[in-house]
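File shown: model_30.cif. Contents: mmCIF, C-alpha atoms and all ligand atoms.
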data_my_file
#
loop_
_atom_site.label_atom_id
_atom_site.label_comp_id
_atom_site.auth_asym_id
_atom_site.auth_seq_id
_atom_site.Cartn_x
_atom_site.Cartn_y
_atom_site.Cartn_z
CA MET A 14 -15.26 12.91 18.61
CA LEU A 15 -13.95 12.97 22.18
CA PRO A 16 -10.23 13.56 22.81
CA LYS A 17 -10.12 11.31 25.88
CA GLU A 18 -8.55 8.22 27.31
CA VAL A 19 -11.01 5.30 27.07
CA LEU A 20 -10.88 4.22 30.73
CA ASP A 21 -11.29 7.84 31.92
CA TRP A 22 -14.26 8.25 29.60
CA CYS A 23 -15.81 5.02 30.93
CA LYS A 24 -15.54 6.32 34.51
CA THR A 25 -17.16 9.68 33.79
CA TYR A 26 -19.78 8.97 31.07
CA THR A 27 -23.32 9.07 32.44
CA GLY A 28 -25.34 9.30 29.19
CA PRO A 29 -27.55 6.71 27.52
CA LYS A 30 -26.21 3.25 26.75
CA PHE A 31 -25.10 2.22 23.25
CA HIS A 32 -26.74 -0.16 20.77
CA ALA A 33 -23.41 -1.52 19.49
CA LEU A 34 -19.66 -1.06 19.40
CA ILE A 35 -17.17 -0.88 16.56
CA SER A 36 -13.48 -0.57 17.36
CA ASP A 37 -10.01 -0.85 15.89
CA PRO A 38 -8.08 -1.02 19.18
CA PRO A 39 -4.30 -1.07 19.62
CA TYR A 40 -3.05 -4.54 18.68
CA GLY A 41 -0.33 -4.62 21.36
CA TYR A 42 2.49 -4.88 18.76
CA HIS A 43 4.21 -1.55 19.59
CA TYR A 44 3.93 -0.87 15.85
CA ASN A 45 6.68 1.48 14.61
CA GLN A 46 7.66 1.98 18.27
CA LYS A 47 4.34 3.78 18.93
CA SER A 48 3.66 3.86 22.67
CA TRP A 49 -0.10 3.86 22.02
CA ASP A 50 0.08 0.41 20.44
CA ASN A 51 0.08 -1.16 23.90
CA GLU A 52 -1.83 -3.99 25.62
CA ILE A 53 -4.85 -1.93 26.76
CA ALA A 54 -7.26 -3.92 24.57
CA LEU A 55 -5.84 -7.20 25.80
CA GLN A 56 -6.90 -6.41 29.36
CA THR A 57 -10.19 -7.56 30.89
CA GLU A 58 -10.57 -4.32 32.87
CA THR A 59 -10.84 -2.32 29.63
CA TRP A 60 -13.69 -4.38 28.24
CA ALA A 61 -15.43 -4.63 31.62
CA SER A 62 -15.50 -0.80 31.76
CA ILE A 63 -16.90 -0.62 28.21
CA HIS A 64 -19.42 -3.45 28.88
CA HIS A 65 -21.17 -1.24 31.43
CA HIS A 66 -22.05 1.37 28.77
CA LEU A 67 -23.62 -1.01 26.24
CA LEU A 68 -27.27 -2.02 26.14
CA PRO A 69 -28.00 -5.67 27.00
CA GLY A 70 -27.75 -7.64 23.75
CA ALA A 71 -25.44 -5.08 22.13
CA PHE A 72 -23.24 -6.53 19.37
CA ALA A 73 -19.61 -5.53 18.98
CA VAL A 74 -16.88 -5.90 16.38
CA ALA A 75 -13.19 -5.31 17.04
CA TYR A 76 -10.29 -5.65 14.63
CA ALA A 77 -7.69 -8.01 16.05
CA ALA A 78 -4.05 -8.79 15.42
CA PRO A 79 -3.42 -12.07 13.57
CA ARG A 80 -0.83 -12.95 16.25
CA LEU A 81 -2.74 -11.72 19.33
CA TYR A 82 -6.45 -12.11 18.50
CA HIS A 83 -6.73 -14.90 21.08
CA ARG A 84 -5.62 -12.51 23.87
CA LEU A 85 -8.25 -10.00 22.78
CA ALA A 86 -10.89 -12.74 22.74
CA ILE A 87 -9.98 -13.89 26.27
CA ALA A 88 -10.05 -10.32 27.63
CA VAL A 89 -13.46 -9.72 26.03
CA GLU A 90 -14.89 -13.03 27.24
CA ASP A 91 -13.57 -12.59 30.80
CA ALA A 92 -15.22 -9.14 30.85
CA GLY A 93 -18.64 -10.79 30.43
CA PHE A 94 -19.20 -10.75 26.66
CA ALA A 95 -20.25 -13.78 24.63
CA ILE A 96 -17.88 -14.54 21.76
CA HIS A 97 -19.71 -15.45 18.57
CA PRO A 98 -18.71 -18.77 17.08
CA PHE A 99 -17.12 -17.30 14.00
CA LEU A 100 -14.65 -14.57 13.29
CA LEU A 101 -15.20 -12.12 10.52
CA ASN A 102 -12.21 -12.69 8.28
CA TRP A 103 -10.81 -9.99 6.04
CA HIS A 104 -8.69 -11.77 3.44
CA GLN A 105 -6.06 -9.83 1.57
CA MET A 106 -2.96 -10.60 -0.44
CA GLN A 107 -0.70 -7.65 0.31
CA SER A 108 1.62 -8.97 3.01
CA MET A 109 5.14 -10.12 2.22
CA PRO A 110 6.95 -13.18 3.61
CA ARG A 111 9.96 -12.44 5.84
CA ALA A 112 12.29 -15.19 4.72
CA THR A 113 15.99 -15.96 4.55
CA LYS A 114 17.69 -16.79 1.28
CA ALA A 115 19.64 -19.84 2.39
CA ALA A 116 20.86 -20.89 -1.03
CA GLU A 117 20.63 -19.36 -4.49
CA GLY A 118 16.94 -19.18 -5.35
CA HIS A 119 15.75 -20.96 -2.20
CA TYR A 120 14.08 -19.31 0.78
CA TYR A 121 13.52 -20.64 4.29
CA GLY A 122 12.08 -19.05 7.38
CA ARG A 123 10.08 -19.31 10.56
CA GLN A 124 7.24 -16.76 10.65
CA VAL A 125 7.10 -16.63 6.87
CA LEU A 126 3.64 -17.58 5.66
CA ARG A 127 2.15 -14.49 4.03
CA ASN A 128 -0.53 -13.26 6.38
CA SER A 129 -3.71 -13.15 4.31
CA ILE A 130 -6.19 -12.99 7.20
CA GLU A 131 -7.05 -9.94 9.28
CA PRO A 132 -9.41 -11.26 11.97
CA ILE A 133 -12.35 -9.19 13.21
CA LEU A 134 -13.77 -10.43 16.50
CA LEU A 135 -17.57 -10.53 16.80
CA PHE A 136 -19.02 -10.54 20.32
CA GLN A 137 -22.13 -9.58 22.25
CA LYS A 138 -23.23 -8.35 25.67
CA PRO A 139 -25.52 -11.19 26.75
CA THR A 140 -29.20 -10.74 27.52
CA LYS A 141 -31.50 -13.30 29.13
CA THR A 142 -34.49 -11.94 27.17
CA PRO A 143 -33.26 -11.43 23.60
CA LYS A 144 -36.64 -10.88 21.88
CA PRO A 145 -38.21 -8.40 24.33
CA THR A 146 -34.85 -6.61 24.60
CA PHE A 147 -34.67 -6.24 20.83
CA PHE A 148 -38.24 -4.96 20.52
CA SER A 149 -37.87 -2.50 23.39
CA THR A 150 -34.34 -1.14 22.73
CA GLY A 151 -33.34 -2.22 19.20
CA ALA A 152 -30.14 -3.88 20.49
CA GLY A 153 -29.34 -7.56 20.11
CA THR A 154 -29.42 -8.50 16.43
CA LEU A 155 -27.24 -8.31 13.36
CA ASN A 156 -28.81 -6.39 10.49
CA ILE A 157 -28.19 -8.98 7.78
CA GLN A 158 -30.68 -7.23 5.49
CA ALA A 159 -28.77 -3.93 5.48
CA ALA A 160 -25.44 -5.75 5.06
CA GLN A 161 -26.54 -7.78 2.00
CA ILE A 162 -24.01 -8.11 -0.79
CA ASN A 163 -25.34 -8.25 -4.35
CA ASN A 164 -28.77 -9.14 -2.95
CA GLN A 165 -27.36 -12.14 -1.11
CA TRP A 166 -27.03 -12.73 2.62
CA PRO A 167 -23.68 -11.58 3.97
CA THR A 168 -20.94 -14.06 4.80
CA ASN A 169 -18.25 -13.74 7.47
CA VAL A 170 -15.60 -13.28 4.77
CA VAL A 171 -14.39 -9.99 3.32
CA VAL A 172 -11.91 -10.33 0.46
CA GLN A 173 -9.65 -8.26 -1.71
CA HIS A 174 -7.79 -8.66 -4.97
CA ALA A 175 -4.12 -9.57 -5.20
CA GLU A 176 -1.90 -6.53 -5.65
CA SER A 177 -1.16 -6.85 -9.34
CA CYS A 178 -4.72 -7.63 -10.50
CA ASN A 179 -6.10 -5.06 -12.90
CA LEU A 180 -9.11 -4.39 -15.01
CA PHE A 181 -7.94 -6.83 -17.67
CA GLY A 182 -7.36 -9.79 -15.41
CA CYS A 183 -6.37 -11.21 -12.05
CA GLU A 184 -3.06 -12.73 -11.04
CA PRO A 185 -3.11 -16.52 -10.41
CA ALA A 186 -3.10 -16.15 -6.59
CA CYS A 187 -6.13 -13.82 -6.58
CA LEU A 188 -8.82 -14.75 -4.08
CA VAL A 189 -11.62 -13.26 -6.17
CA PRO A 190 -10.93 -13.79 -9.88
CA ASN A 191 -13.70 -12.37 -12.10
CA ASN A 192 -14.76 -9.93 -9.39
CA PRO A 193 -14.24 -6.36 -10.60
CA VAL A 194 -10.99 -4.74 -9.59
CA THR A 195 -11.53 -1.50 -7.72
CA GLU A 196 -10.44 1.99 -8.61
CA SER A 197 -8.26 2.28 -5.54
CA LEU A 198 -6.14 -0.58 -6.85
CA LEU A 199 -6.09 0.76 -10.35
CA GLN A 200 -5.92 4.46 -9.53
CA THR A 201 -7.99 5.27 -12.58
CA ASN A 202 -11.62 5.72 -13.48
CA TRP A 203 -13.17 2.74 -15.22
CA GLU A 204 -16.78 3.18 -14.22
CA ALA A 205 -18.12 2.09 -17.61
CA GLU A 206 -16.37 -1.26 -17.60
CA ILE A 207 -17.34 -2.26 -14.09
CA TRP A 208 -21.05 -2.37 -14.86
CA GLU A 209 -20.50 -4.93 -17.58
CA ARG A 210 -18.96 -7.23 -15.02
CA THR A 211 -21.06 -6.75 -11.89
CA ASP A 212 -23.32 -9.72 -12.72
CA GLU A 213 -20.39 -11.99 -12.03
CA GLN A 214 -19.88 -10.78 -8.46
CA PRO A 215 -20.17 -13.43 -5.77
CA ALA A 216 -21.81 -12.74 -2.39
CA LEU A 217 -18.53 -11.62 -0.93
CA THR A 218 -17.71 -8.13 0.25
CA THR A 219 -14.71 -7.04 -1.81
CA ILE A 220 -12.83 -4.35 0.07
CA PRO A 221 -9.16 -3.44 -0.43
CA LYS A 222 -6.84 -1.93 2.16
CA ALA A 223 -7.11 1.85 2.41
CA SER A 224 -5.09 3.37 -0.44
CA ARG A 225 -2.91 6.42 0.19
CA PHE A 226 -5.42 8.34 -1.92
CA GLU A 227 -8.33 7.39 0.35
CA ARG A 228 -6.36 8.20 3.52
CA ASP A 229 -5.30 11.67 2.38
CA VAL A 230 -8.31 12.72 0.37
CA LEU A 231 -10.14 15.89 1.56
CA LEU A 232 -7.06 16.79 3.64
CA GLU A 233 -5.12 18.55 0.85
CA ASP A 234 -4.80 21.81 2.84
CA LEU A 235 -3.15 20.10 5.85
CA PRO A 236 0.65 20.28 6.22
CA ASP A 237 2.75 17.33 5.04
CA THR A 238 3.99 14.94 7.72
CA GLU A 239 6.80 12.48 7.18
CA CYS A 240 5.57 8.93 7.62
CA LYS A 241 7.87 5.96 8.22
CA ARG A 242 6.76 2.86 6.36
CA VAL A 243 8.84 0.26 8.20
CA ASN A 244 10.45 -0.10 11.62
CA ASP A 245 14.00 1.18 12.09
CA GLY A 246 16.68 -1.30 10.99
CA GLY A 247 16.28 -3.99 8.31
CA LEU A 248 14.20 -2.64 5.44
CA SER A 249 14.36 1.01 6.57
CA HIS A 250 17.51 1.43 4.41
CA ASP A 251 15.78 0.04 1.33
CA PRO A 252 14.83 3.01 -0.92
CA ARG A 253 11.54 1.27 -1.80
CA PHE A 254 10.49 1.70 1.84
CA ALA A 255 11.78 5.26 2.29
CA PRO A 256 9.56 7.59 4.37
CA ILE A 257 6.83 9.43 2.46
CA GLN A 258 5.06 12.77 2.97
CA VAL A 259 1.42 12.33 3.97
CA LYS A 260 -1.61 14.34 5.08
CA ASN A 261 -3.28 11.68 7.23
CA PHE A 262 -0.39 10.87 9.57
CA HIS A 263 -2.11 8.00 11.40
CA PRO A 264 -0.07 4.85 10.61
CA THR A 265 -2.84 2.22 10.79
CA VAL A 266 -5.77 3.58 8.80
CA LYS A 267 -8.47 1.06 7.89
CA PRO A 268 -10.65 1.32 4.76
CA ILE A 269 -13.84 3.36 5.17
CA ALA A 270 -15.79 0.89 2.99
CA LEU A 271 -15.18 -1.89 5.51
CA ALA A 272 -16.42 0.36 8.32
CA VAL A 273 -19.55 1.13 6.24
CA TRP A 274 -20.26 -2.58 5.89
CA LEU A 275 -19.58 -3.33 9.57
CA GLY A 276 -21.72 -0.32 10.53
CA LYS A 277 -24.63 -1.62 8.42
CA LEU A 278 -24.30 -5.08 9.95
CA LEU A 279 -24.70 -3.63 13.46
CA LEU A 280 -27.42 -1.10 12.66
CA PRO A 281 -30.62 -1.28 14.80
CA PRO A 282 -34.08 -0.88 13.20
CA ASP A 283 -35.04 2.60 11.97
CA GLN A 284 -37.50 3.38 14.78
CA PHE A 285 -34.67 3.59 17.34
CA GLN A 286 -32.32 6.55 17.68
CA SER A 287 -29.16 4.56 16.89
CA ARG A 288 -26.17 5.14 19.17
CA LEU A 289 -22.76 3.57 18.43
CA LEU A 290 -19.62 3.50 20.59
CA ASN A 291 -16.22 3.72 18.83
CA PRO A 292 -13.38 3.53 21.33
CA PHE A 293 -9.77 3.86 20.04
CA ALA A 294 -10.88 5.99 17.10
CA GLY A 295 -7.53 6.91 15.50
CA SER A 296 -8.13 9.14 12.47
CA GLY A 297 -11.88 8.50 12.56
CA THR A 298 -12.32 5.84 9.85
CA GLU A 299 -14.85 3.73 11.77
CA HIS A 300 -16.77 6.86 12.74
CA ILE A 301 -17.02 8.03 9.12
CA GLY A 302 -17.97 4.58 7.83
CA ALA A 303 -20.60 3.91 10.50
CA TRP A 304 -22.19 7.33 9.94
CA LEU A 305 -22.26 6.74 6.18
CA GLY A 306 -23.75 3.30 6.86
CA GLY A 307 -26.72 4.85 8.69
CA TRP A 308 -25.80 5.39 12.36
CA GLU A 309 -27.27 8.60 13.80
CA GLU A 310 -25.06 9.13 16.86
CA VAL A 311 -21.48 7.90 16.95
CA TYR A 312 -19.31 8.49 20.03
CA SER A 313 -15.62 8.19 19.17
CA ILE A 314 -12.89 8.27 21.78
CA GLU A 315 -9.22 8.87 21.03
CA SER A 316 -6.54 9.73 23.60
CA ASP A 317 -3.91 11.26 21.28
CA PRO A 318 -4.87 14.94 20.78
CA GLY A 319 -3.23 15.09 17.33
CA TYR A 320 -5.14 12.04 16.04
CA ALA A 321 -8.35 13.28 17.67
CA GLU A 322 -8.06 16.63 15.88
CA LEU A 323 -7.27 14.90 12.58
CA ALA A 324 -10.29 12.61 13.06
CA ALA A 325 -12.58 15.57 13.76
CA ILE A 326 -11.43 17.26 10.51
CA ARG A 327 -11.80 14.04 8.50
CA ILE A 328 -15.27 13.34 9.93
CA SER A 329 -16.58 16.83 9.19
CA ARG A 330 -15.24 16.77 5.61
CA TRP A 331 -16.66 13.35 4.76
CA GLN A 332 -19.96 14.51 6.24
CA ALA A 333 -19.86 17.63 4.05
CA LEU A 334 -19.15 15.43 1.02
CA ALA A 335 -22.11 13.16 1.87
CA GLU A 336 -24.37 16.16 2.43
CA LYS A 337 -23.52 17.37 -1.06
CA HIS A 338 -23.75 14.06 -2.96
CA GLY A 339 -25.83 11.83 -0.67
CA LYS A 340 -24.58 8.97 1.51
CA GLU A 341 -25.43 6.33 -1.11
CA ALA A 342 -23.27 8.00 -3.77
CA VAL A 343 -20.34 8.35 -1.38
CA CYS A 344 -20.65 4.69 -0.27
CA ALA A 345 -20.77 3.52 -3.89
CA ALA A 346 -17.73 5.65 -4.71
CA LEU A 347 -15.89 4.19 -1.73
CA SER A 348 -16.45 0.62 -2.82
CA GLY A 349 -14.17 1.58 -5.65
CA ARG A 350 -16.37 2.82 -8.40
CA ASN A 351 -15.80 6.53 -8.83
CA LEU A 352 -14.25 8.20 -5.78
CA LYS A 353 -11.99 10.30 -7.97
CA SER A 354 -14.72 11.55 -10.26
CA LEU A 355 -16.97 12.28 -7.27
CA LEU A 356 -14.16 14.42 -5.93
CA SER A 357 -13.86 16.70 -8.92
CA GLU A 358 -11.96 19.96 -8.50
CA GLN A 359 -15.21 21.85 -8.25
CA THR A 360 -16.32 19.66 -5.33
CA GLN A 361 -13.10 20.26 -3.49
CA GLN A 362 -13.30 24.02 -3.98
CA MET A 363 -16.75 24.02 -2.47
CA LEU A 364 -15.58 22.06 0.56
CA PHE A 365 -12.69 24.30 1.55
C1 LIG B 401 -5.34 0.98 15.59
S1 LIG B 401 -5.55 2.66 15.94
C2 LIG B 401 -7.11 3.07 15.15
C3 LIG B 401 -6.93 3.51 13.72
C4 LIG B 401 -8.23 3.76 12.99
N1 LIG B 401 -8.86 2.52 12.60
C5 LIG B 401 -8.03 4.61 11.74
O1 LIG B 401 -8.39 4.15 10.65
O2 LIG B 401 -7.51 5.72 11.84
C6 LIG B 401 -5.89 2.68 17.65
C7 LIG B 401 -5.96 4.05 18.30
O3 LIG B 401 -6.23 3.89 19.69
C8 LIG B 401 -5.67 5.01 20.36
N2 LIG B 401 -5.54 4.66 21.79
C9 LIG B 401 -4.60 3.87 22.35
N3 LIG B 401 -4.81 3.78 23.68
C10 LIG B 401 -5.91 4.54 23.94
C11 LIG B 401 -6.63 4.83 25.13
N4 LIG B 401 -6.25 4.32 26.30
N5 LIG B 401 -7.70 5.64 25.06
C12 LIG B 401 -8.10 6.16 23.85
N6 LIG B 401 -7.46 5.92 22.70
C13 LIG B 401 -6.37 5.12 22.74
C14 LIG B 401 -4.35 5.24 19.66
O4 LIG B 401 -3.87 6.56 19.85
C15 LIG B 401 -4.70 4.90 18.21
O5 LIG B 401 -4.96 6.07 17.49
#
Could I get this structure in the form of structure tokens?
Amino acid sequence: MLPKEVLDWCKTYTGPKFHALISDPPYGYHYNQKSWDNEIALQTETWASIHHHLLPGAFAVAYAAPRLYHRLAIAVEDAGFAIHPFLLNWHQMQSMPRATKAAEGHYYGRQVLRNSIEPILLFQKPTKTPKPTFFSTGAGTLNIQAAQINNQWPTNVVVQHAESCNLFGCEPACLVPNNPVTESLLQTNWEAEIWERTDEQPALTTIPKASRFERDVLLEDLPDTECKRVNDGGLSHDPRFAPIQVKNFHPTVKPIALAVWLGKLLLPPDQFQSRLLNPFAGSGTEHIGAWLGGWEEVYSIESDPGYAELAAIRISRWQALAEKHGKEAVCAALSGRNLKSLLSEQTQQMLF
């Protein structure tokens, strides 16, 4: 975990090149007035600097903003990468429409369709000799075997349940009815029931947004930080959106399970010492997930010293957890089966 600015790191790094890249860069929205959520990832120079440090053929995934993914794609393409002809789409049902009540019981609006798609851009550093490159360096393919879902080939769609689905049924708008609801949605342990229903699972990766529990877990000894949940003005006066006390104070934490799956998809064959680049690391989610998914060396770069320190703590604690229980058990727990029971009091005492 390197507490550095990405462009500075690119200028000074002289080590071996990377097999792949996974990144959740700033979207350029200035989210919650954060100065770090700037346009750096929408600039060609950024990706050109990163391009230099990847092996020919290296695959890359980057989370993108629904409103600005096209700017990210242009910056990446102009920097010399090939854009793959499909996006990975993470479908979820948690966003709310921002509409105006124009008459009793009737809403209108402009940008009001609920956003149910979080795009993930898939791109590659080109190579003129894909096969020899792959056999000599291990870079240049997607590991569709490791990323299989329920013994079926992975699709480019990741889904999640609607918010009010529970163990006993899904709401009508659910994207994955009959697919088991995860613990992080239910906040309870229902391990026994899930196994009765797993046969019905389609070949879709079902991953919810990171729950507050997942974000804060293993950080219980850290001080509380107040976290705003909405921008100033508008909803900030609504008590339902009042600030909360948190341990992981990064505002845009992604789910570790999704990073595990993306990490597996990018993983080179076993005979190569796998080396992954993770610029814009935040609180370390992609680092943790990729390491759990099988990557040996992960280089994460984060310019904010507070986030970098938080990420280093999170990474070391998830690694300690995996060393105790095994990576497989932690990954299974993360996909929603028994994270809470894995983290029994005894486990936590041993970690701290
Ligand atoms: C969207 S967040 C990543 C959040 C991460 N997925 C997580 O789960 O915690 C992007 C991160 O990029 C960092 N960042 C922004 N500009 C940067 C730069 N020039 N160099 C390094 N990091 C930067 C921000 O501080 C922020 O933490």
How many Å separate CA of Ile35 in chain A from CA of Asp237 in chain A?
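Spanning CA of Ile35 in chain A to CA of Asp237 in chain A is a straight-line distance of 29.3 Å.
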For CA of Ser354 in chain A and CA of Pro264 in chain A, the interatomic separation in Å (one decimal):
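About the pair CA of Ser354 in chain A and CA of Pro264 in chain A: they are 26.4 Å apart.
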Could you list, as an mmCIF file with C-alpha atoms, in the coordinates of the input, all residues that come within 9 Å of ligand LIG 401 (chain B)? Count all atoms listed in the file.
data_model
loop_
_atom_site.group_PDB
_atom_site.id
_atom_site.type_symbol
_atom_site.label_atom_id
_atom_site.label_comp_id
_atom_site.auth_asym_id
_atom_site.auth_seq_id
_atom_site.Cartn_x
_atom_site.Cartn_y
_atom_site.Cartn_z
ATOM 1 C CA PRO A 16 -10.230 13.560 22.810
ATOM 2 C CA LYS A 17 -10.120 11.310 25.880
ATOM 3 C CA GLU A 18 -8.550 8.220 27.310
ATOM 4 C CA VAL A 19 -11.010 5.300 27.070
ATOM 5 C CA LEU A 20 -10.880 4.220 30.730
ATOM 6 C CA ASP A 21 -11.290 7.840 31.920
ATOM 7 C CA TRP A 22 -14.260 8.250 29.600
ATOM 8 C CA SER A 36 -13.480 -0.570 17.360
ATOM 9 C CA ASP A 37 -10.010 -0.850 15.890
ATOM 10 C CA PRO A 38 -8.080 -1.020 19.180
ATOM 11 C CA PRO A 39 -4.300 -1.070 19.620
ATOM 12 C CA TYR A 40 -3.050 -4.540 18.680
ATOM 13 C CA LYS A 47 4.340 3.780 18.930
ATOM 14 C CA SER A 48 3.660 3.860 22.670
ATOM 15 C CA TRP A 49 -0.100 3.860 22.020
ATOM 16 C CA ASP A 50 0.080 0.410 20.440
ATOM 17 C CA ASN A 51 0.080 -1.160 23.900
ATOM 18 C CA GLU A 52 -1.830 -3.990 25.620
ATOM 19 C CA ILE A 53 -4.850 -1.930 26.760
ATOM 20 C CA ALA A 54 -7.260 -3.920 24.570
ATOM 21 C CA THR A 59 -10.840 -2.320 29.630
ATOM 22 C CA TYR A 76 -10.290 -5.650 14.630
ATOM 23 C CA ALA A 223 -7.110 1.850 2.410
ATOM 24 C CA ARG A 228 -6.360 8.200 3.520
ATOM 25 C CA ASN A 261 -3.280 11.680 7.230
ATOM 26 C CA HIS A 263 -2.110 8.000 11.400
ATOM 27 C CA PRO A 264 -0.070 4.850 10.610
ATOM 28 C CA THR A 265 -2.840 2.220 10.790
ATOM 29 C CA VAL A 266 -5.770 3.580 8.800
ATOM 30 C CA LYS A 267 -8.470 1.060 7.890
ATOM 31 C CA PRO A 268 -10.650 1.320 4.760
ATOM 32 C CA ILE A 269 -13.840 3.360 5.170
ATOM 33 C CA ALA A 272 -16.420 0.360 8.320
ATOM 34 C CA PRO A 292 -13.380 3.530 21.330
ATOM 35 C CA PHE A 293 -9.770 3.860 20.040
ATOM 36 C CA ALA A 294 -10.880 5.990 17.100
ATOM 37 C CA GLY A 295 -7.530 6.910 15.500
ATOM 38 C CA SER A 296 -8.130 9.140 12.470
ATOM 39 C CA GLY A 297 -11.880 8.500 12.560
ATOM 40 C CA THR A 298 -12.320 5.840 9.850
ATOM 41 C CA GLU A 299 -14.850 3.730 11.770
ATOM 42 C CA ILE A 314 -12.890 8.270 21.780
ATOM 43 C CA GLU A 315 -9.220 8.870 21.030
ATOM 44 C CA SER A 316 -6.540 9.730 23.600
ATOM 45 C CA ASP A 317 -3.910 11.260 21.280
ATOM 46 C CA PRO A 318 -4.870 14.940 20.780
ATOM 47 C CA GLY A 319 -3.230 15.090 17.330
ATOM 48 C CA TYR A 320 -5.140 12.040 16.040
ATOM 49 C CA ALA A 321 -8.350 13.280 17.670
ATOM 50 C CA ALA A 324 -10.290 12.610 13.060
#
Calculate how many Å separate CA of Pro281 in chain A from CA of His64 in chain A, rounding to one decimal.
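Between CA of Pro281 in chain A and CA of His64 in chain A the gap is 18.1 Å.
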Near Lys138 in chain A, within 10 Å and counting all atoms listed in the file, which residues show up once chain neighbours fewer than 4 positions away are dropped, as a PDB file with C-alpha atoms, in the frame of the given file?
ATOM      1  CA  ALA A  33     -23.410  -1.520  19.490  1.00  0.00           C
ATOM      2  CA  HIS A  64     -19.420  -3.450  28.880  1.00  0.00           C
ATOM      3  CA  HIS A  65     -21.170  -1.240  31.430  1.00  0.00           C
ATOM      4  CA  LEU A  67     -23.620  -1.010  26.240  1.00  0.00           C
ATOM      5  CA  LEU A  68     -27.270  -2.020  26.140  1.00  0.00           C
ATOM      6  CA  PRO A  69     -28.000  -5.670  27.000  1.00  0.00           C
ATOM      7  CA  GLY A  70     -27.750  -7.640  23.750  1.00  0.00           C
ATOM      8  CA  ALA A  71     -25.440  -5.080  22.130  1.00  0.00           C
ATOM      9  CA  PHE A  72     -23.240  -6.530  19.370  1.00  0.00           C
ATOM     10  CA  ALA A  73     -19.610  -5.530  18.980  1.00  0.00           C
ATOM     11  CA  VAL A  89     -13.460  -9.720  26.030  1.00  0.00           C
ATOM     12  CA  GLU A  90     -14.890 -13.030  27.240  1.00  0.00           C
ATOM     13  CA  ALA A  92     -15.220  -9.140  30.850  1.00  0.00           C
ATOM     14  CA  GLY A  93     -18.640 -10.790  30.430  1.00  0.00           C
ATOM     15  CA  PHE A  94     -19.200 -10.750  26.660  1.00  0.00           C
ATOM     16  CA  ALA A  95     -20.250 -13.780  24.630  1.00  0.00           C
ATOM     17  CA  ILE A  96     -17.880 -14.540  21.760  1.00  0.00           C
ATOM     18  CA  ALA A 152     -30.140  -3.880  20.490  1.00  0.00           C
ATOM     19  CA  GLY A 153     -29.340  -7.560  20.110  1.00  0.00           C
TER      20      GLY A 153
END
Non-local contacts of range 127-136 of chain A (9 Å; only C-alpha atoms; under 5 positions in same chain excluded) as a ChimeraX atom specification
/A:71-79,82,85-86,89-90,94-111
Restricting it to C-alpha atoms, dump the selection as a CSV table (one decimal), in the frame of the given file.
chain,number,residue,atom,x,y,z
A,71,ALA,CA,-25.4,-5.1,22.1
A,72,PHE,CA,-23.2,-6.5,19.4
A,73,ALA,CA,-19.6,-5.5,19.0
A,74,VAL,CA,-16.9,-5.9,16.4
A,75,ALA,CA,-13.2,-5.3,17.0
A,76,TYR,CA,-10.3,-5.6,14.6
A,77,ALA,CA,-7.7,-8.0,16.0
A,78,ALA,CA,-4.0,-8.8,15.4
A,79,PRO,CA,-3.4,-12.1,13.6
A,82,TYR,CA,-6.4,-12.1,18.5
A,85,LEU,CA,-8.2,-10.0,22.8
A,86,ALA,CA,-10.9,-12.7,22.7
A,89,VAL,CA,-13.5,-9.7,26.0
A,90,GLU,CA,-14.9,-13.0,27.2
A,94,PHE,CA,-19.2,-10.8,26.7
A,95,ALA,CA,-20.2,-13.8,24.6
A,96,ILE,CA,-17.9,-14.5,21.8
A,97,HIS,CA,-19.7,-15.4,18.6
A,98,PRO,CA,-18.7,-18.8,17.1
A,99,PHE,CA,-17.1,-17.3,14.0
A,100,LEU,CA,-14.6,-14.6,13.3
A,101,LEU,CA,-15.2,-12.1,10.5
A,102,ASN,CA,-12.2,-12.7,8.3
A,103,TRP,CA,-10.8,-10.0,6.0
A,104,HIS,CA,-8.7,-11.8,3.4
A,105,GLN,CA,-6.1,-9.8,1.6
A,106,MET,CA,-3.0,-10.6,-0.4
A,107,GLN,CA,-0.7,-7.6,0.3
A,108,SER,CA,1.6,-9.0,3.0
A,109,MET,CA,5.1,-10.1,2.2
A,110,PRO,CA,7.0,-13.2,3.6
A,111,ARG,CA,10.0,-12.4,5.8
